[in-house]
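Quick notes on the structure that follows.
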Amino acid sequence: MDPLLNKSHEELREEVRTFAEKEIAPVARELDETSTFSEKLTHRMFDLGLLGINTPEEYGGRGMDTLSYIVTVEELARVDGSQAATVAAHNSLGIAPILNYGTKEQIDTDLPKLIGKRKLWAFGLTEPNAGSDSNNTETVAELKDGNWHINGGKIYITNSASAMSGGITVQAVTDDRGDGRKELSVILVDRENDGYSTEIIDSKMMWRAADTGKIFLNNVTVPEENLLGERGKGSKIMLSTLDGGRLSIAAMGLGLAQGAFEQAMEYAGKRIQFRKPIRSFQANQFKLADMATKIELARNLLYKACWLKDHKQPFGKEAAMAKLYTSEIAREVANDSLQIHGAHGLMKENAIERFYRDQRILEIGEGTSEILRLVIARHHGIR
Ligand SMILES: Cc1cc2nc3c(=O)[nH]c(=O)nc-3n(C[C@H](O)[C@H](O)[C@H](O)COP(=O)(O)OP(=O)(O)OC[C@H]3O[C@@H](n4cnc5c(N)ncnc54)[C@H](O)[C@@H]3O)c2cc1C
């Protein structure tokens, strides 16, 4: 048993693993091939409380800690990255900023909707001209007569375009700071508003069963009280939310690597060449040993970052390191696992083919590896 996990974490792992193996694994390939977001599976994940796993019970969540949440995402990703993405984005990018920065009224109104009414909530930072350079937001929100009038749009947004999506937290330009920089603020925008439209992006190489979309905001009007946190603190709110989000991406990398490793172990044990299982060849033994070591290191790094967060200590540096490291080892492990599968691994009937594609987002979403190296360098005072 991992020294940082307790009995309740292990029980949760067992619960999510059983669900993922019984209900997700049998349909994962078809959902991927048909690029289908499954409302049925999403409802099952709501039934199990996975879409509110660390939200306090008074708001309808399961009230568990960060490690519990991470174990959940890890176990889903061990079987399917798309379902892990749905759960991770809703918890860490949808609910978390409202819980962390919302007024009592916002929390009391929005959280029961996001959990009880089963509305997925999206996080709108990325725009066509604002990716890594997220301060270059072009969406504008103008305050007039007690309402925000919002114009602009967001792209590549998880949980934004399916019928289960309820709305989005957007970063918008609310003024000019006078020093050449934009005043950025964060506003909660419900999908029901006039002028709000979405478009599903379904031509992805990875997470093909997750909902990724574009959002268009055409003179959308919301009350002034929909401002989340302090006006002008948008960048701080969005970037601190990403610290938590990075733990989720790290959990997806860890789970994916674990799944890819187990597939390699199984295949290497049953594939016979030169009258022996290919696992008996030292070249493959070394690959498997390296995979196991990388996974162990990734798990230690990630669980430590979660422990720091659960103990209210700074965790931004460790979250960035965990995201960077797990996403890179997920690529290496998926690649080595596929190599062990030979031609078989290139065929769609084998999950490793999907895992190999799914890992590729992890070095890009929620901070590319290049940006994470900058973040880690800055934590060490390197400028
Ligand atoms: C499936 C999917 C889901 C997503 N979900 C969400 C979501 O829910 N919400 C959301 O807001 N966004 C989401 N994103 C967007 C994601 O966070 C961005 O793609 C990511 O932040 C990188 O931005 P970019 O793709 O525009 O790359 P760019 O910023 O254009 O970067 C291109 C390349 O240049 C490098 N680069 C850029 N600047 C620097 C620099 N200063 N130094 C060194 N290298 C640099 C990058 O590392 C990268 O290699 C999602 C993306 C995908 C694909």
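Chain labels follow the order of the structure tokens: the first chain is A, the next B, and so on; residue numbering restarts at 1 in every chain, and ligands are counted from 1 in their shown order.
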
(request) Mind the document's chain letters and residue numbers, and return as a ChimeraX atom specification the residues of segment 97-149 of chain A that DSSP labels strand (DSSP E or B). (result) /A:120-124,127,130,140-144,147-149

(message) Please find the residues contacting ligand 1 at a distance of at most 6 Å between atoms, with only C-alpha atoms and all ligand atoms counted, and report them as a list in words.
(response)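 For ligand 1, the residues inside 6 Å are Phe123, Gly124, Leu125, Thr126, Gly131, Ser132, Asp133, Tyr156, Ile157, Thr158, Thr212, Ile361, Ile364, Gly365, Glu366, Gly367, Thr368, Glu370 and Ile371 of chain A.
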
(message) Given only C-alpha atoms as the basis, pick out the residue of A:Val222, A:Met252, A:Ala210, A:Val140 nearest to Thr174 of chain A.
(response) A:Val140

(message) Residues near Asp243 of chain A, anyone? I mean within 12 Å using only C-alpha atoms, not counting same-chain ones fewer than 3 positions away, as a ChimeraX atom specification.
(response) /A:92-93,96-97,236-240,246-250,305-306,309,314-323,366-367,372,375-376

(request) Quick one: everything within 12 Å of Gly49 of chain A, counting only C-alpha atoms, minus sequence neighbours fewer than 5 positions away in the same chain. Send it as a PyMOL selection string. (result) chain A and resi 12+15-16+42-44+54-57+59-64+68-69+72+87+90-91+114-116+118

(message) Please identify the helix (DSSP H, G or I) residues within segment 13-56 of chain A (assignment by DSSP from backbone atoms) and present them as a PyMOL selection string.
(response) chain A and resi 13-33+39-47

Write out the residues from the selection above, keeping C-alpha atoms, as a PDB file, in the first residue's frame.
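The resulting file, result.pdb, is shown below:
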ATOM      1  CA  ARG A  13      -9.653   2.922  -5.999  1.00  0.00           C
ATOM      2  CA  GLU A  14     -11.340  -0.471  -5.947  1.00  0.00           C
ATOM      3  CA  GLU A  15     -14.774   1.082  -6.489  1.00  0.00           C
ATOM      4  CA  VAL A  16     -13.679   3.227  -9.470  1.00  0.00           C
ATOM      5  CA  ARG A  17     -11.584   0.404 -10.957  1.00  0.00           C
ATOM      6  CA  THR A  18     -14.553  -1.965 -10.874  1.00  0.00           C
ATOM      7  CA  PHE A  19     -16.803   0.637 -12.506  1.00  0.00           C
ATOM      8  CA  ALA A  20     -14.208   1.489 -15.184  1.00  0.00           C
ATOM      9  CA  GLU A  21     -13.526  -2.136 -16.053  1.00  0.00           C
ATOM     10  CA  LYS A  22     -17.167  -3.203 -16.081  1.00  0.00           C
ATOM     11  CA  GLU A  23     -18.854  -0.194 -17.653  1.00  0.00           C
ATOM     12  CA  ILE A  24     -16.272   1.884 -19.535  1.00  0.00           C
ATOM     13  CA  ALA A  25     -13.838  -0.704 -20.936  1.00  0.00           C
ATOM     14  CA  PRO A  26     -16.473  -2.565 -22.999  1.00  0.00           C
ATOM     15  CA  VAL A  27     -17.569   0.611 -24.834  1.00  0.00           C
ATOM     16  CA  ALA A  28     -14.385   2.707 -24.923  1.00  0.00           C
ATOM     17  CA  ARG A  29     -13.264   1.584 -28.369  1.00  0.00           C
ATOM     18  CA  GLU A  30     -16.632   2.208 -30.020  1.00  0.00           C
ATOM     19  CA  LEU A  31     -17.043   5.635 -28.406  1.00  0.00           C
ATOM     20  CA  ASP A  32     -13.537   6.533 -29.598  1.00  0.00           C
ATOM     21  CA  GLU A  33     -14.112   5.314 -33.137  1.00  0.00           C
ATOM     22  CA  GLU A  39     -24.322  10.936 -21.731  1.00  0.00           C
ATOM     23  CA  LYS A  40     -25.082   7.481 -20.327  1.00  0.00           C
ATOM     24  CA  LEU A  41     -21.581   7.061 -18.872  1.00  0.00           C
ATOM     25  CA  THR A  42     -21.565  10.660 -17.652  1.00  0.00           C
ATOM     26  CA  HIS A  43     -24.823  10.035 -15.782  1.00  0.00           C
ATOM     27  CA  ARG A  44     -23.301   6.884 -14.268  1.00  0.00           C
ATOM     28  CA  MET A  45     -20.321   8.938 -13.110  1.00  0.00           C
ATOM     29  CA  PHE A  46     -22.743  11.441 -11.556  1.00  0.00           C
ATOM     30  CA  ASP A  47     -24.588   8.472  -9.916  1.00  0.00           C
TER      31      ASP A  47
END

(message) So, with only C-alpha atoms as the atoms that count, which of A:Gly146, A:Gly345, A:Gly81, A:Gly94 lies closest to Arg360 of chain A?
(response)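 Using only C-alpha atoms, the shortest distance to Arg360 of chain A belongs to A:Gly81.
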
(message) Need the shell around Glu192 of chain A: protein/DNA/RNA residues with any atom at most 12 Å away, counting only C-alpha atoms. Skip same-chain ones fewer than 3 positions apart. Format as a VMD selection string?
(response) chain A and resid 119 163 165 to 168 188 to 189 195 to 198 217 220 to 222

(message) So, with only C-alpha atoms as the atoms that count, which of A:Tyr303, A:Tyr325, A:Tyr267, A:Tyr356 lies closest to Val71 of chain A?
(response)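 Residue with the minimum atom-to-atom distance to Val71 of chain A: A:Tyr303.
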
(message) Which residues are close to Ala260 of chain A, i.e. within 6 Å by only C-alpha atoms, leaving aside same-chain residues fewer than 3 positions away? Reply as a list in words.
(response) Ala257, Gln263, Ala334 and Ser337 of chain A

Residues of the last selection are to be written out with N, CA and C atoms, as a compact mmCIF listing (two decimals), in the first residue's frame.
# COMPACT_ATOMS: atom_id res chain seq x y z
N ALA A 257 -0.32 5.61 -18.15
CA ALA A 257 0.93 4.85 -18.14
C ALA A 257 0.72 3.49 -17.46
N GLN A 263 -1.00 -3.58 -20.06
CA GLN A 263 -1.25 -4.20 -21.38
C GLN A 263 0.04 -4.82 -21.92
N ALA A 334 3.66 4.60 -23.13
CA ALA A 334 2.74 4.19 -24.20
C ALA A 334 3.53 3.75 -25.43
N SER A 337 5.15 0.38 -24.71
CA SER A 337 4.14 -0.67 -24.66
C SER A 337 3.72 -1.03 -26.09

(request) Can you work out which one of A:Asp358, A:Glu199, A:Asp190, A:Glu58 has the shortest atom-to-atom distance to Gln83 of chain A, counting only C-alpha atoms? (result) A:Asp358

Listing only residues of segment 24-139 of chain A within 12 Å of segment 283-299 of chain A, what is the closest atom pair and its distance in Å (to one decimal) for each, using only C-alpha atoms, sorted by chain and residue number ascending, as a tab-separated table?
residue	atom	partner	partner_atom	distance
A:Leu67	CA	A:Arg299	CA	11.2
A:Ile70	CA	A:Arg299	CA	10.4
A:Val71	CA	A:Arg299	CA	10.2
A:Glu74	CA	A:Arg299	CA	9.9
